[in-house]
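Working notes, beginning with the structure itself.
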Amino acid sequence: MASTTSSQPQQINVADLDIQQLSDVRRQLEEELNHLTNSFAQLKQAQAKFKSCIENVGEVKPQNKGTTVLVPLTNSLYVPGHLSDAENVIVDIGTGYYVKKSRAQATKYYETKVEYIRTNLDTLQETIQKKQENMSYLINVMQAKLQQSQTQPTKV
């Protein structure tokens, strides 16, 4: 038995919509663009954090063994500590779990994270660009309809 419902979304030509419907579509597109732009900014921040981690791992060197360093307890609280193991670092792998890794392993881990985020940023950037193009097209259609409605004589 053939199904009458389709899993494919129906496509509607925006030129067939009235001004109110176009305004609703525009509002929805603006919300989507805001959400995508915020997500993009958050991913950029995460990428910068992982790049910073790579730099921090690079600062842990055998010649620095035994030196005093500031150890972060929170984002704004640091305590002095002694660097006793210059070959290994503790890596936050998420949800409160930490693992001991060699400097090379930690650098590789963070480089993988940076690359993963970069591919997501590229995909997200393409999506944002398509949404912006859709918004431009929608605005052009709205302007054309408004001009058309202003030039038509009103019916009495």
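Just so we're on the same page: first chain in the structure tokens is A, next is B, and so on; residues restart at 1 for each chain, and ligands are numbered from 1 in the order they show up.
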Residues within 8 Å of region 87-103 of chain A, only C-alpha atoms, excluding chain neighbours under 4 positions, as an MDAnalysis selection string: chainID A and resid 57:58 60:62 107
Those selected residues, please, written with N, CA and C atoms and delivered as a PDB file, in the first residue's frame.
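The resulting again_38.pdb:
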ATOM      1  N   VAL A  57      51.045  23.124  26.579  1.00  0.00           N
ATOM      2  CA  VAL A  57      51.788  21.860  26.605  1.00  0.00           C
ATOM      3  C   VAL A  57      53.212  22.097  26.106  1.00  0.00           C
ATOM      4  N   GLY A  58      53.347  22.987  25.130  1.00  0.00           N
ATOM      5  CA  GLY A  58      54.678  23.316  24.610  1.00  0.00           C
ATOM      6  C   GLY A  58      55.572  23.985  25.638  1.00  0.00           C
ATOM      7  N   VAL A  60      55.717  23.088  28.774  1.00  0.00           N
ATOM      8  CA  VAL A  60      56.199  22.073  29.711  1.00  0.00           C
ATOM      9  C   VAL A  60      57.390  21.397  29.033  1.00  0.00           C
ATOM     10  N   LYS A  61      58.589  21.755  29.475  1.00  0.00           N
ATOM     11  CA  LYS A  61      59.833  21.271  28.864  1.00  0.00           C
ATOM     12  C   LYS A  61      60.714  20.659  29.948  1.00  0.00           C
ATOM     13  N   PRO A  62      61.543  19.702  29.563  1.00  0.00           N
ATOM     14  CA  PRO A  62      62.441  19.096  30.570  1.00  0.00           C
ATOM     15  C   PRO A  62      63.306  20.125  31.301  1.00  0.00           C
ATOM     16  N   THR A 107      49.640  16.996  22.798  1.00  0.00           N
ATOM     17  CA  THR A 107      49.656  17.894  21.643  1.00  0.00           C
ATOM     18  C   THR A 107      48.835  17.303  20.515  1.00  0.00           C
TER      19      THR A 107
END
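Note that DSSP on the backbone gives strand (DSSP E or B) to these residues of chain A: Thr68, Val69, Leu70, Val71, Pro72, Tyr78, Val79, Pro80, Gly81, His82, Asn88, Val89, Ile90, Val91, Asp92, Ile93, Gly94, Tyr97, Tyr98, Val99, Lys100, Lys101 and Ser102 of chain A.
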Serialized selection, C-alpha atoms, as a PDB file, in the first residue's frame:
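This went into out15.pdb:
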ATOM      1  CA  THR A  68      57.606  27.047  40.247  1.00  0.00           C
ATOM      2  CA  VAL A  69      54.501  27.413  38.075  1.00  0.00           C
ATOM      3  CA  LEU A  70      50.998  28.756  38.597  1.00  0.00           C
ATOM      4  CA  VAL A  71      48.426  25.954  38.547  1.00  0.00           C
ATOM      5  CA  PRO A  72      44.854  26.938  37.622  1.00  0.00           C
ATOM      6  CA  TYR A  78      45.798  30.038  40.455  1.00  0.00           C
ATOM      7  CA  VAL A  79      48.067  28.527  43.095  1.00  0.00           C
ATOM      8  CA  PRO A  80      51.844  28.093  43.007  1.00  0.00           C
ATOM      9  CA  GLY A  81      53.087  24.602  42.300  1.00  0.00           C
ATOM     10  CA  HIS A  82      56.290  22.748  41.475  1.00  0.00           C
ATOM     11  CA  ASN A  88      53.686  14.121  31.146  1.00  0.00           C
ATOM     12  CA  VAL A  89      50.663  16.377  31.514  1.00  0.00           C
ATOM     13  CA  ILE A  90      47.123  15.941  32.779  1.00  0.00           C
ATOM     14  CA  VAL A  91      44.512  16.420  30.043  1.00  0.00           C
ATOM     15  CA  ASP A  92      40.858  17.304  30.654  1.00  0.00           C
ATOM     16  CA  ILE A  93      38.960  14.976  28.302  1.00  0.00           C
ATOM     17  CA  GLY A  94      35.545  16.256  29.337  1.00  0.00           C
ATOM     18  CA  TYR A  97      37.599  13.170  33.519  1.00  0.00           C
ATOM     19  CA  TYR A  98      41.339  13.740  33.354  1.00  0.00           C
ATOM     20  CA  VAL A  99      44.013  11.479  31.886  1.00  0.00           C
ATOM     21  CA  LYS A 100      47.786  11.467  32.047  1.00  0.00           C
ATOM     22  CA  LYS A 101      49.388  11.838  28.615  1.00  0.00           C
ATOM     23  CA  SER A 102      52.871  12.440  27.334  1.00  0.00           C
TER      24      SER A 102
END
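Shortest atom-to-atom contact with Leu43 (chain A) among A:Asn134, A:Thr119, A:Ser149, A:Thr127: A:Thr119, counting only C-alpha atoms.
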What's around Glu111 (chain A) at 12 Å? Count only C-alpha atoms, leave out sequence neighbours fewer than 2 positions away in its own chain, and write the answer as a ChimeraX atom specification. /A:47-55,57,104-109,113-118
Write out as a list in words each polymer residue whose atoms come within 12 Å of Ile12 (chain A), counting only C-alpha atoms; drop sequence neighbours fewer than 6 positions from it.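 Listed by chain and then number, they are Gln21, Leu22 and Val25 of chain A.
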